[in-house]
$ cat entry-v3.cif   # mmCIF, N, CA and C atoms
data_query
#
loop_
_atom_site.label_atom_id
_atom_site.label_comp_id
_atom_site.auth_asym_id
_atom_site.auth_seq_id
_atom_site.Cartn_x
_atom_site.Cartn_y
_atom_site.Cartn_z
N MET A 1 5.87 11.63 6.84
CA MET A 1 6.92 12.53 6.39
C MET A 1 6.39 13.96 6.32
N MET A 2 5.16 14.12 5.83
CA MET A 2 4.60 15.46 5.71
C MET A 2 4.39 16.08 7.08
N GLU A 3 4.11 15.25 8.10
CA GLU A 3 3.98 15.76 9.46
C GLU A 3 5.29 16.38 9.93
N ASP A 4 6.41 15.90 9.41
CA ASP A 4 7.73 16.43 9.76
C ASP A 4 8.17 17.56 8.84
N GLY A 5 7.30 17.97 7.89
CA GLY A 5 7.61 19.10 7.01
C GLY A 5 8.29 18.72 5.71
N TYR A 6 8.28 17.43 5.36
CA TYR A 6 8.89 16.97 4.12
C TYR A 6 7.78 16.53 3.17
N TYR A 7 7.86 16.98 1.93
CA TYR A 7 6.83 16.69 0.94
C TYR A 7 7.42 15.81 -0.14
N PRO A 8 7.18 14.51 -0.01
CA PRO A 8 7.83 13.54 -0.90
C PRO A 8 7.22 13.49 -2.29
N SER A 9 8.05 13.05 -3.22
CA SER A 9 7.59 12.65 -4.55
C SER A 9 8.05 11.20 -4.72
N PHE A 10 7.56 10.57 -5.77
CA PHE A 10 7.86 9.15 -5.96
C PHE A 10 8.41 8.95 -7.36
N ASP A 11 9.48 8.12 -7.46
CA ASP A 11 10.11 7.86 -8.75
C ASP A 11 10.63 6.43 -8.75
N ASN A 12 10.09 5.59 -9.61
CA ASN A 12 10.53 4.19 -9.76
C ASN A 12 10.62 3.44 -8.44
N GLY A 13 9.63 3.63 -7.57
CA GLY A 13 9.61 2.91 -6.30
C GLY A 13 10.39 3.57 -5.19
N TYR A 14 11.04 4.69 -5.45
CA TYR A 14 11.80 5.41 -4.44
C TYR A 14 10.99 6.61 -3.96
N ILE A 15 11.18 6.97 -2.72
CA ILE A 15 10.58 8.19 -2.17
C ILE A 15 11.67 9.25 -2.19
N LEU A 16 11.39 10.40 -2.78
CA LEU A 16 12.35 11.51 -2.87
C LEU A 16 11.81 12.70 -2.10
N PHE A 17 12.72 13.44 -1.44
CA PHE A 17 12.32 14.68 -0.77
C PHE A 17 13.54 15.57 -0.61
N ASP A 18 13.29 16.87 -0.44
CA ASP A 18 14.38 17.83 -0.27
C ASP A 18 14.88 17.79 1.17
N PHE A 19 16.21 17.80 1.32
CA PHE A 19 16.82 17.78 2.66
C PHE A 19 18.17 18.48 2.60
N GLU A 20 18.32 19.56 3.37
CA GLU A 20 19.60 20.26 3.49
C GLU A 20 20.20 20.58 2.12
N ASP A 21 19.43 21.19 1.24
CA ASP A 21 19.87 21.59 -0.11
C ASP A 21 20.23 20.41 -1.01
N ASN A 22 19.77 19.23 -0.69
CA ASN A 22 19.99 18.04 -1.50
C ASN A 22 18.67 17.30 -1.67
N THR A 23 18.67 16.34 -2.56
CA THR A 23 17.53 15.46 -2.68
C THR A 23 17.87 14.17 -1.95
N ALA A 24 17.02 13.80 -1.01
CA ALA A 24 17.20 12.56 -0.27
C ALA A 24 16.37 11.48 -0.94
N VAL A 25 16.87 10.24 -0.87
CA VAL A 25 16.20 9.09 -1.46
C VAL A 25 15.93 8.09 -0.33
N VAL A 26 14.68 7.68 -0.21
CA VAL A 26 14.31 6.66 0.78
C VAL A 26 14.11 5.35 0.03
N GLU A 27 14.77 4.30 0.52
CA GLU A 27 14.64 2.97 -0.07
C GLU A 27 14.26 1.98 1.02
N TYR A 28 13.49 0.97 0.64
CA TYR A 28 13.11 -0.08 1.58
C TYR A 28 13.29 -1.42 0.88
N GLU A 29 14.12 -2.26 1.47
CA GLU A 29 14.36 -3.59 0.88
C GLU A 29 14.69 -4.57 1.99
N GLU A 30 14.00 -5.70 2.00
CA GLU A 30 14.24 -6.78 2.96
C GLU A 30 14.25 -6.27 4.40
N ASN A 31 13.24 -5.47 4.75
CA ASN A 31 13.06 -4.92 6.10
C ASN A 31 14.19 -4.00 6.53
N ILE A 32 14.91 -3.46 5.60
CA ILE A 32 15.93 -2.45 5.89
C ILE A 32 15.51 -1.17 5.18
N LEU A 33 15.37 -0.13 5.96
CA LEU A 33 14.99 1.16 5.42
C LEU A 33 16.23 2.05 5.42
N SER A 34 16.50 2.70 4.30
CA SER A 34 17.66 3.59 4.23
C SER A 34 17.25 4.94 3.69
N VAL A 35 17.91 5.97 4.19
CA VAL A 35 17.76 7.32 3.67
C VAL A 35 19.14 7.70 3.16
N ARG A 36 19.19 8.13 1.89
CA ARG A 36 20.48 8.39 1.24
C ARG A 36 20.52 9.78 0.63
N LEU A 37 21.70 10.38 0.69
CA LEU A 37 21.97 11.67 0.04
C LEU A 37 23.13 11.46 -0.92
N PHE A 38 23.10 12.15 -2.06
CA PHE A 38 24.16 12.03 -3.05
C PHE A 38 24.75 13.41 -3.32
N PHE A 39 26.09 13.47 -3.43
CA PHE A 39 26.81 14.70 -3.72
C PHE A 39 27.66 14.48 -4.95
N THR A 40 27.65 15.42 -5.86
CA THR A 40 28.50 15.34 -7.04
C THR A 40 29.93 15.64 -6.63
N ILE A 41 30.86 14.90 -7.21
CA ILE A 41 32.28 15.10 -6.92
C ILE A 41 32.88 16.00 -8.00
N ASP A 42 33.45 17.13 -7.57
CA ASP A 42 34.18 18.00 -8.47
C ASP A 42 35.58 17.41 -8.60
N ALA A 43 36.06 17.22 -9.81
CA ALA A 43 37.34 16.54 -10.04
C ALA A 43 38.48 17.17 -9.25
N GLU A 44 38.52 18.52 -9.13
CA GLU A 44 39.64 19.13 -8.41
C GLU A 44 39.57 18.89 -6.92
N ASP A 45 38.37 18.70 -6.37
CA ASP A 45 38.22 18.52 -4.94
C ASP A 45 37.99 17.05 -4.55
N ALA A 46 38.13 16.14 -5.49
CA ALA A 46 37.80 14.74 -5.24
C ALA A 46 38.60 14.15 -4.08
N ASP A 47 39.90 14.41 -4.03
CA ASP A 47 40.71 13.85 -2.94
C ASP A 47 40.25 14.36 -1.58
N ALA A 48 39.99 15.67 -1.49
CA ALA A 48 39.52 16.24 -0.23
C ALA A 48 38.14 15.70 0.14
N LEU A 49 37.26 15.56 -0.84
CA LEU A 49 35.92 15.02 -0.56
C LEU A 49 36.00 13.59 -0.04
N ILE A 50 36.87 12.80 -0.63
CA ILE A 50 37.01 11.42 -0.19
C ILE A 50 37.60 11.36 1.22
N LYS A 51 38.63 12.18 1.49
CA LYS A 51 39.20 12.22 2.85
C LYS A 51 38.16 12.68 3.86
N ALA A 52 37.42 13.74 3.52
CA ALA A 52 36.39 14.24 4.43
C ALA A 52 35.30 13.19 4.65
N SER A 53 34.96 12.45 3.61
CA SER A 53 33.95 11.40 3.74
C SER A 53 34.43 10.27 4.63
N ASN A 54 35.69 9.90 4.49
CA ASN A 54 36.25 8.86 5.37
C ASN A 54 36.25 9.32 6.82
N ASN A 55 36.62 10.58 7.06
CA ASN A 55 36.61 11.11 8.42
C ASN A 55 35.18 11.22 8.96
N THR A 56 34.23 11.48 8.08
CA THR A 56 32.82 11.51 8.49
C THR A 56 32.39 10.13 8.98
N MET A 57 32.81 9.10 8.26
CA MET A 57 32.42 7.74 8.64
C MET A 57 32.97 7.40 10.03
N THR A 58 34.18 7.80 10.33
CA THR A 58 34.74 7.49 11.64
C THR A 58 34.12 8.35 12.74
N GLY A 59 33.55 9.50 12.37
CA GLY A 59 32.93 10.38 13.35
C GLY A 59 31.44 10.17 13.51
N SER A 60 30.85 9.34 12.70
CA SER A 60 29.41 9.11 12.74
C SER A 60 29.13 7.62 12.92
N LEU A 61 28.31 7.31 13.89
CA LEU A 61 28.01 5.91 14.17
C LEU A 61 27.11 5.28 13.12
N MET A 62 26.16 6.04 12.60
CA MET A 62 25.12 5.45 11.76
C MET A 62 25.21 5.79 10.27
N VAL A 63 26.00 6.76 9.88
CA VAL A 63 26.05 7.18 8.47
C VAL A 63 27.29 6.62 7.81
N LYS A 64 27.05 5.99 6.64
CA LYS A 64 28.15 5.42 5.88
C LYS A 64 28.29 6.17 4.56
N PRO A 65 29.42 6.81 4.32
CA PRO A 65 29.66 7.40 3.00
C PRO A 65 30.25 6.36 2.06
N ALA A 66 29.96 6.50 0.78
CA ALA A 66 30.53 5.61 -0.23
C ALA A 66 30.74 6.41 -1.51
N VAL A 67 31.86 6.16 -2.18
CA VAL A 67 32.14 6.80 -3.46
C VAL A 67 31.45 5.99 -4.56
N MET A 68 30.66 6.67 -5.36
CA MET A 68 29.93 6.04 -6.46
C MET A 68 30.65 6.42 -7.75
N GLU A 69 31.62 5.62 -8.15
CA GLU A 69 32.48 5.98 -9.28
C GLU A 69 31.72 6.14 -10.59
N LYS A 70 30.72 5.30 -10.84
CA LYS A 70 29.98 5.37 -12.10
C LYS A 70 29.26 6.71 -12.28
N THR A 71 28.74 7.25 -11.17
CA THR A 71 27.99 8.50 -11.26
C THR A 71 28.81 9.72 -10.88
N GLY A 72 30.05 9.52 -10.42
CA GLY A 72 30.88 10.64 -10.01
C GLY A 72 30.31 11.36 -8.81
N SER A 73 29.86 10.58 -7.81
CA SER A 73 29.25 11.19 -6.64
C SER A 73 29.64 10.43 -5.38
N ILE A 74 29.33 11.05 -4.25
CA ILE A 74 29.49 10.42 -2.95
C ILE A 74 28.09 10.25 -2.38
N MET A 75 27.83 9.10 -1.79
CA MET A 75 26.54 8.82 -1.18
C MET A 75 26.72 8.73 0.33
N PHE A 76 25.84 9.39 1.08
CA PHE A 76 25.75 9.19 2.53
C PHE A 76 24.50 8.36 2.76
N SER A 77 24.61 7.27 3.49
CA SER A 77 23.48 6.38 3.72
C SER A 77 23.32 6.11 5.21
N CYS A 78 22.09 6.25 5.68
CA CYS A 78 21.74 5.90 7.06
C CYS A 78 20.72 4.78 6.97
N GLU A 79 21.04 3.62 7.57
CA GLU A 79 20.18 2.44 7.43
C GLU A 79 19.84 1.85 8.79
N MET A 80 18.60 1.39 8.91
CA MET A 80 18.14 0.75 10.14
C MET A 80 17.12 -0.32 9.79
N MET A 81 17.01 -1.30 10.68
CA MET A 81 15.97 -2.32 10.55
C MET A 81 14.62 -1.65 10.76
N CYS A 82 13.66 -2.02 9.94
CA CYS A 82 12.34 -1.39 10.03
C CYS A 82 11.30 -2.35 9.48
N ASP A 83 10.55 -3.00 10.38
CA ASP A 83 9.57 -4.00 9.96
C ASP A 83 8.17 -3.44 9.75
N THR A 84 7.86 -2.33 10.38
CA THR A 84 6.49 -1.82 10.34
C THR A 84 6.46 -0.32 10.05
N ARG A 85 5.27 0.17 9.73
CA ARG A 85 5.08 1.61 9.50
C ARG A 85 5.38 2.39 10.78
N ARG A 86 5.02 1.82 11.92
CA ARG A 86 5.28 2.47 13.20
C ARG A 86 6.79 2.64 13.41
N GLN A 87 7.57 1.65 13.03
CA GLN A 87 9.03 1.75 13.14
C GLN A 87 9.55 2.82 12.18
N PHE A 88 8.93 2.94 11.00
CA PHE A 88 9.34 3.99 10.07
C PHE A 88 9.17 5.36 10.71
N ARG A 89 8.05 5.57 11.36
CA ARG A 89 7.80 6.87 12.01
C ARG A 89 8.86 7.16 13.07
N LYS A 90 9.34 6.13 13.74
CA LYS A 90 10.39 6.29 14.75
C LYS A 90 11.76 6.47 14.08
N PHE A 91 11.99 5.71 13.02
CA PHE A 91 13.28 5.72 12.34
C PHE A 91 13.54 7.01 11.58
N PHE A 92 12.53 7.49 10.87
CA PHE A 92 12.72 8.59 9.93
C PHE A 92 13.34 9.84 10.57
N PRO A 93 12.78 10.41 11.63
CA PRO A 93 13.40 11.61 12.21
C PRO A 93 14.81 11.35 12.75
N ARG A 94 15.01 10.16 13.31
CA ARG A 94 16.34 9.83 13.83
C ARG A 94 17.36 9.75 12.69
N SER A 95 16.97 9.14 11.58
CA SER A 95 17.91 9.03 10.46
C SER A 95 18.27 10.41 9.92
N LEU A 96 17.30 11.32 9.87
CA LEU A 96 17.59 12.68 9.41
C LEU A 96 18.54 13.40 10.36
N ASN A 97 18.38 13.17 11.66
CA ASN A 97 19.32 13.77 12.62
C ASN A 97 20.73 13.22 12.41
N TYR A 98 20.84 11.91 12.20
CA TYR A 98 22.16 11.32 11.95
C TYR A 98 22.77 11.89 10.67
N LEU A 99 21.97 12.03 9.62
CA LEU A 99 22.47 12.60 8.36
C LEU A 99 22.89 14.05 8.54
N LYS A 100 22.10 14.81 9.27
CA LYS A 100 22.43 16.22 9.51
C LYS A 100 23.76 16.34 10.26
N GLU A 101 23.94 15.49 11.29
CA GLU A 101 25.21 15.48 12.03
C GLU A 101 26.38 15.11 11.11
N ALA A 102 26.19 14.12 10.27
CA ALA A 102 27.24 13.70 9.34
C ALA A 102 27.57 14.81 8.35
N LEU A 103 26.56 15.51 7.87
CA LEU A 103 26.80 16.63 6.95
C LEU A 103 27.63 17.71 7.63
N GLU A 104 27.35 17.97 8.89
CA GLU A 104 28.13 18.98 9.63
C GLU A 104 29.57 18.53 9.81
N ILE A 105 29.78 17.26 10.16
CA ILE A 105 31.14 16.72 10.28
C ILE A 105 31.87 16.88 8.95
N HIS A 106 31.18 16.52 7.86
CA HIS A 106 31.78 16.59 6.53
C HIS A 106 32.13 18.04 6.16
N LYS A 107 31.24 18.96 6.45
CA LYS A 107 31.46 20.38 6.14
C LYS A 107 32.67 20.92 6.90
N VAL A 108 32.76 20.62 8.19
CA VAL A 108 33.89 21.07 9.01
C VAL A 108 35.19 20.46 8.49
N GLU A 109 35.14 19.19 8.17
CA GLU A 109 36.34 18.50 7.67
C GLU A 109 36.78 19.06 6.31
N MET A 110 35.83 19.35 5.43
CA MET A 110 36.17 19.96 4.13
C MET A 110 36.81 21.33 4.32
N GLN A 111 36.27 22.13 5.23
CA GLN A 111 36.85 23.44 5.51
C GLN A 111 38.27 23.30 6.03
N ARG A 112 38.47 22.33 6.93
CA ARG A 112 39.81 22.10 7.47
C ARG A 112 40.79 21.70 6.38
N LEU A 113 40.37 20.78 5.51
CA LEU A 113 41.25 20.31 4.44
C LEU A 113 41.53 21.42 3.42
N MET A 114 40.51 22.20 3.08
CA MET A 114 40.71 23.28 2.11
C MET A 114 41.59 24.38 2.70
N THR A 115 41.44 24.68 3.98
CA THR A 115 42.28 25.67 4.64
C THR A 115 43.72 25.19 4.68
N ALA A 116 43.93 23.91 4.98
CA ALA A 116 45.29 23.35 5.00
C ALA A 116 45.91 23.41 3.60
N ALA A 117 45.13 23.10 2.57
CA ALA A 117 45.64 23.14 1.20
C ALA A 117 45.99 24.57 0.80
N THR A 118 45.16 25.53 1.19
CA THR A 118 45.42 26.93 0.88
C THR A 118 46.66 27.41 1.61
N SER A 119 46.81 27.03 2.88
CA SER A 119 47.99 27.42 3.66
C SER A 119 49.26 26.85 3.04
N GLU A 120 49.19 25.61 2.59
CA GLU A 120 50.36 24.99 1.95
C GLU A 120 50.73 25.72 0.67
N SER A 121 49.73 26.09 -0.13
CA SER A 121 50.04 26.76 -1.39
C SER A 121 50.55 28.16 -1.14
N PHE A 122 50.03 28.88 -0.12
CA PHE A 122 50.56 30.20 0.20
C PHE A 122 51.97 30.09 0.74
N GLY A 123 52.23 29.04 1.54
CA GLY A 123 53.57 28.83 2.07
C GLY A 123 54.57 28.60 0.94
N THR A 124 54.17 27.87 -0.07
CA THR A 124 55.03 27.61 -1.22
C THR A 124 55.29 28.91 -1.99
N VAL A 125 54.27 29.72 -2.21
CA VAL A 125 54.44 30.98 -2.91
C VAL A 125 55.35 31.90 -2.12
N HIS A 126 55.16 31.96 -0.82
CA HIS A 126 55.97 32.83 0.04
C HIS A 126 57.45 32.42 -0.02
N LYS A 127 57.72 31.12 0.08
CA LYS A 127 59.09 30.64 0.01
C LYS A 127 59.72 30.97 -1.34
N THR A 128 58.95 30.82 -2.39
CA THR A 128 59.46 31.12 -3.73
C THR A 128 59.78 32.59 -3.85
N SER A 129 58.90 33.46 -3.34
CA SER A 129 59.13 34.90 -3.46
C SER A 129 60.35 35.32 -2.67
N ILE A 130 60.63 34.67 -1.55
CA ILE A 130 61.83 35.00 -0.77
C ILE A 130 63.07 34.61 -1.56
N LEU A 131 63.04 33.48 -2.25
CA LEU A 131 64.19 33.02 -3.03
C LEU A 131 64.50 33.97 -4.17
N HIS A 132 63.47 34.59 -4.75
CA HIS A 132 63.69 35.48 -5.88
C HIS A 132 63.99 36.92 -5.47
N SER A 133 63.96 37.22 -4.19
CA SER A 133 64.21 38.59 -3.73
C SER A 133 65.67 38.95 -3.78
#
$ encode --input "entry-v3.cif" --output "C-alpha cells"
Amino acid sequence: MMEDGYYPSFDNGYILFDFEDNTAVVEYEENILSVRLFFTIDAEDADALIKASNNTMTGSLMVKPAVMEKTGSIMFSCEMMCDTRRQFRKFFPRSLNYLKEALEIHKVEMQRLMTAATSESFGTVHKTSILHS
C-alpha cells in the first residue's frame, strides 16, 4: 500500500487509509478482500444520496453502495476474491480505480439531482410570482 502512496493505520483488525477525502477501510474475510468507503447522510439530502447511490450501482460493475441505517451513512464497497498477498497487490490498485470511478459517477449524479431540484423550486417560485402579479 505504501508503494502506492497510501499510509495505513490499523484499528481492531481493519486497515484504514485516506482516499479521496474519505477514510477507506480494508477488510479480509474468508478469502474475500474488500475496500470500503463510508459517507455520512445529511437528512435533507438523503433521498438524493440514495438515488445517486442506486444509479452508481447500475453504472459500476464492481462497486456496491449500501445504506447503513444504524450509522446514518452510505457505504461503497469493492470486493474481490483474494487468496494470497500477490493477489492483494493486484487487487488493491484495481479496487481503488473502481471506487474512484464510482465516486465520479455518484458526484455527477448528485449534481444532476440537485440541479433538477433547484430548477423545480425556481420554477415553482416563478409560477407563483406570475400569479401574484
$ resolve_selection --input "entry-v3.cif" --expression "the PyMOL selection byres ((chain A and resi 75-80) around 7)" --output "PyMOL selection string"
chain A and resi 31-39+62-68+73-74+81-82+95+99
$ select_by_dssp --input "entry-v3.cif" --residues "segment 35-73 of chain A" --states "strand (DSSP E)" --output "PDB file with N, CA and C atoms, keeping the file's coordinate frame"
ATOM      1  N   VAL A  35      17.910   5.970   4.190  1.00  0.00           N
ATOM      2  CA  VAL A  35      17.760   7.320   3.670  1.00  0.00           C
ATOM      3  C   VAL A  35      19.140   7.700   3.160  1.00  0.00           C
ATOM      4  N   ARG A  36      19.190   8.130   1.890  1.00  0.00           N
ATOM      5  CA  ARG A  36      20.480   8.390   1.240  1.00  0.00           C
ATOM      6  C   ARG A  36      20.520   9.780   0.630  1.00  0.00           C
ATOM      7  N   LEU A  37      21.700  10.380   0.690  1.00  0.00           N
ATOM      8  CA  LEU A  37      21.970  11.670   0.040  1.00  0.00           C
ATOM      9  C   LEU A  37      23.130  11.460  -0.920  1.00  0.00           C
ATOM     10  N   PHE A  38      23.100  12.150  -2.060  1.00  0.00           N
ATOM     11  CA  PHE A  38      24.160  12.030  -3.050  1.00  0.00           C
ATOM     12  C   PHE A  38      24.750  13.410  -3.320  1.00  0.00           C
ATOM     13  N   PHE A  39      26.090  13.470  -3.430  1.00  0.00           N
ATOM     14  CA  PHE A  39      26.810  14.700  -3.720  1.00  0.00           C
ATOM     15  C   PHE A  39      27.660  14.480  -4.950  1.00  0.00           C
ATOM     16  N   THR A  40      27.650  15.420  -5.860  1.00  0.00           N
ATOM     17  CA  THR A  40      28.500  15.340  -7.040  1.00  0.00           C
ATOM     18  C   THR A  40      29.930  15.640  -6.630  1.00  0.00           C
ATOM     19  N   VAL A  63      26.000   6.760   9.880  1.00  0.00           N
ATOM     20  CA  VAL A  63      26.050   7.180   8.470  1.00  0.00           C
ATOM     21  C   VAL A  63      27.290   6.620   7.810  1.00  0.00           C
ATOM     22  N   LYS A  64      27.050   5.990   6.640  1.00  0.00           N
ATOM     23  CA  LYS A  64      28.150   5.420   5.880  1.00  0.00           C
ATOM     24  C   LYS A  64      28.290   6.170   4.560  1.00  0.00           C
ATOM     25  N   PRO A  65      29.420   6.810   4.320  1.00  0.00           N
ATOM     26  CA  PRO A  65      29.660   7.400   3.000  1.00  0.00           C
ATOM     27  C   PRO A  65      30.250   6.360   2.060  1.00  0.00           C
ATOM     28  N   ALA A  66      29.960   6.500   0.780  1.00  0.00           N
ATOM     29  CA  ALA A  66      30.530   5.610  -0.230  1.00  0.00           C
ATOM     30  C   ALA A  66      30.740   6.410  -1.510  1.00  0.00           C
ATOM     31  N   VAL A  67      31.860   6.160  -2.180  1.00  0.00           N
ATOM     32  CA  VAL A  67      32.140   6.800  -3.460  1.00  0.00           C
ATOM     33  C   VAL A  67      31.450   5.990  -4.560  1.00  0.00           C
ATOM     34  N   MET A  68      30.660   6.670  -5.360  1.00  0.00           N
ATOM     35  CA  MET A  68      29.930   6.040  -6.460  1.00  0.00           C
ATOM     36  C   MET A  68      30.650   6.420  -7.750  1.00  0.00           C
ATOM     37  N   SER A  73      29.860  10.580  -7.810  1.00  0.00           N
ATOM     38  CA  SER A  73      29.250  11.190  -6.640  1.00  0.00           C
ATOM     39  C   SER A  73      29.640  10.430  -5.380  1.00  0.00           C
TER      40      SER A  73
END
$ atom_distance --input "entry-v3.cif" --atom1 "atom CA of Arg112 of chain A" --atom2 "atom N of Thr23 of chain A"
24.1 Å
$ select_by_dssp --input "entry-v3.cif" --residues "segment 65-128 of chain A" --states "alpha helix (DSSP H)" --output "compact mmCIF listing (two decimals) with N, CA and C atoms, in the frame of the given file"
# COMPACT_ATOMS: atom_id res chain seq x y z
N ARG A 85 5.27 0.17 9.73
CA ARG A 85 5.08 1.61 9.50
C ARG A 85 5.38 2.39 10.78
N ARG A 86 5.02 1.82 11.92
CA ARG A 86 5.28 2.47 13.20
C ARG A 86 6.79 2.64 13.41
N GLN A 87 7.57 1.65 13.03
CA GLN A 87 9.03 1.75 13.14
C GLN A 87 9.55 2.82 12.18
N PHE A 88 8.93 2.94 11.00
CA PHE A 88 9.34 3.99 10.07
C PHE A 88 9.17 5.36 10.71
N ARG A 89 8.05 5.57 11.36
CA ARG A 89 7.80 6.87 12.01
C ARG A 89 8.86 7.16 13.07
N LYS A 90 9.34 6.13 13.74
CA LYS A 90 10.39 6.29 14.75
C LYS A 90 11.76 6.47 14.08
N PHE A 91 11.99 5.71 13.02
CA PHE A 91 13.28 5.72 12.34
C PHE A 91 13.54 7.01 11.58
N PHE A 92 12.53 7.49 10.87
CA PHE A 92 12.72 8.59 9.93
C PHE A 92 13.34 9.84 10.57
N PRO A 93 12.78 10.41 11.63
CA PRO A 93 13.40 11.61 12.21
C PRO A 93 14.81 11.35 12.75
N ARG A 94 15.01 10.16 13.31
CA ARG A 94 16.34 9.83 13.83
C ARG A 94 17.36 9.75 12.69
N SER A 95 16.97 9.14 11.58
CA SER A 95 17.91 9.03 10.46
C SER A 95 18.27 10.41 9.92
N LEU A 96 17.30 11.32 9.87
CA LEU A 96 17.59 12.68 9.41
C LEU A 96 18.54 13.40 10.36
N ASN A 97 18.38 13.17 11.66
CA ASN A 97 19.32 13.77 12.62
C ASN A 97 20.73 13.22 12.41
N TYR A 98 20.84 11.91 12.20
CA TYR A 98 22.16 11.32 11.95
C TYR A 98 22.77 11.89 10.67
N LEU A 99 21.97 12.03 9.62
CA LEU A 99 22.47 12.60 8.36
C LEU A 99 22.89 14.05 8.54
N LYS A 100 22.10 14.81 9.27
CA LYS A 100 22.43 16.22 9.51
C LYS A 100 23.76 16.34 10.26
N GLU A 101 23.94 15.49 11.29
CA GLU A 101 25.21 15.48 12.03
C GLU A 101 26.38 15.11 11.11
N ALA A 102 26.19 14.12 10.27
CA ALA A 102 27.24 13.70 9.34
C ALA A 102 27.57 14.81 8.35
N LEU A 103 26.56 15.51 7.87
CA LEU A 103 26.80 16.63 6.95
C LEU A 103 27.63 17.71 7.63
N GLU A 104 27.35 17.97 8.89
CA GLU A 104 28.13 18.98 9.63
C GLU A 104 29.57 18.53 9.81
N ILE A 105 29.78 17.26 10.16
CA ILE A 105 31.14 16.72 10.28
C ILE A 105 31.87 16.88 8.95
N HIS A 106 31.18 16.52 7.86
CA HIS A 106 31.78 16.59 6.53
C HIS A 106 32.13 18.04 6.16
N LYS A 107 31.24 18.96 6.45
CA LYS A 107 31.46 20.38 6.14
C LYS A 107 32.67 20.92 6.90
N VAL A 108 32.76 20.62 8.19
CA VAL A 108 33.89 21.07 9.01
C VAL A 108 35.19 20.46 8.49
N GLU A 109 35.14 19.19 8.17
CA GLU A 109 36.34 18.50 7.67
C GLU A 109 36.78 19.06 6.31
N MET A 110 35.83 19.35 5.43
CA MET A 110 36.17 19.96 4.13
C MET A 110 36.81 21.33 4.32
N GLN A 111 36.27 22.13 5.23
CA GLN A 111 36.85 23.44 5.51
C GLN A 111 38.27 23.30 6.03
N ARG A 112 38.47 22.33 6.93
CA ARG A 112 39.81 22.10 7.47
C ARG A 112 40.79 21.70 6.38
N LEU A 113 40.37 20.78 5.51
CA LEU A 113 41.25 20.31 4.44
C LEU A 113 41.53 21.42 3.42
N MET A 114 40.51 22.20 3.08
CA MET A 114 40.71 23.28 2.11
C MET A 114 41.59 24.38 2.70
N THR A 115 41.44 24.68 3.98
CA THR A 115 42.28 25.67 4.64
C THR A 115 43.72 25.19 4.68
N ALA A 116 43.93 23.91 4.98
CA ALA A 116 45.29 23.35 5.00
C ALA A 116 45.91 23.41 3.60
N ALA A 117 45.13 23.10 2.57
CA ALA A 117 45.64 23.14 1.20
C ALA A 117 45.99 24.57 0.80
N THR A 118 45.16 25.53 1.19
CA THR A 118 45.42 26.93 0.88
C THR A 118 46.66 27.41 1.61
N SER A 119 46.81 27.03 2.88
CA SER A 119 47.99 27.42 3.66
C SER A 119 49.26 26.85 3.04
N GLU A 120 49.19 25.61 2.59
CA GLU A 120 50.36 24.99 1.95
C GLU A 120 50.73 25.72 0.67
N SER A 121 49.73 26.09 -0.13
CA SER A 121 50.04 26.76 -1.39
C SER A 121 50.55 28.16 -1.14
N PHE A 122 50.03 28.88 -0.12
CA PHE A 122 50.56 30.20 0.20
C PHE A 122 51.97 30.09 0.74
N GLY A 123 52.23 29.04 1.54
CA GLY A 123 53.57 28.83 2.07
C GLY A 123 54.57 28.60 0.94
N THR A 124 54.17 27.87 -0.07
CA THR A 124 55.03 27.61 -1.22
C THR A 124 55.29 28.91 -1.99
N VAL A 125 54.27 29.72 -2.21
CA VAL A 125 54.44 30.98 -2.91
C VAL A 125 55.35 31.90 -2.12
N HIS A 126 55.16 31.96 -0.82
CA HIS A 126 55.97 32.83 0.04
C HIS A 126 57.45 32.42 -0.02
N LYS A 127 57.72 31.12 0.08
CA LYS A 127 59.09 30.64 0.01
C LYS A 127 59.72 30.97 -1.34
N THR A 128 58.95 30.82 -2.39
CA THR A 128 59.46 31.12 -3.73
C THR A 128 59.78 32.59 -3.85
$ closest_residue --input "entry-v3.cif" --among "A:Tyr6, A:Ala48, A:Ser60, A:Tyr98" --to "Asp18 of chain A" --atoms "all atoms listed in the file"
A:Tyr6
$ closest_residue --input "entry-v3.cif" --among "A:Lys51, A:Ala46, A:Gly59, A:Met1" --to "Glu101 of chain A" --atoms "all atoms listed in the file"
A:Gly59
$ atom_distance --input "entry-v3.cif" --atom1 "atom N of Glu69 of chain A" --atom2 "atom N of Ser53 of chain A"
14.0 Å
$ atom_distance --input "entry-v3.cif" --atom1 "atom C of Ile105 of chain A" --atom2 "atom C of Glu20 of chain A"
14.0 Å
$ residues_around --input "entry-v3.cif" --residues "Gly13 of chain A" --least-positions-apart "5" --cutoff "8 Å" --atoms "only N, CA and C atoms" --output "NGL selection string"
:A and (26-28)
$ closest_residue --input "entry-v3.cif" --among "A:Val25, A:Ala43, A:Leu16, A:Leu103" --to "Thr56 of chain A" --atoms "all atoms listed in the file"
A:Leu103
$ axis_aligned_box --input "entry-v3.cif" --around "segment 71-85 of chain A" --padding-each-side "3 Å" --output "AutoDock Vina command-line options"
--center_x 18.0 --center_y 3.7 --center_z -0.2 --size_x 31.8 --size_y 21.4 --size_z 28.0
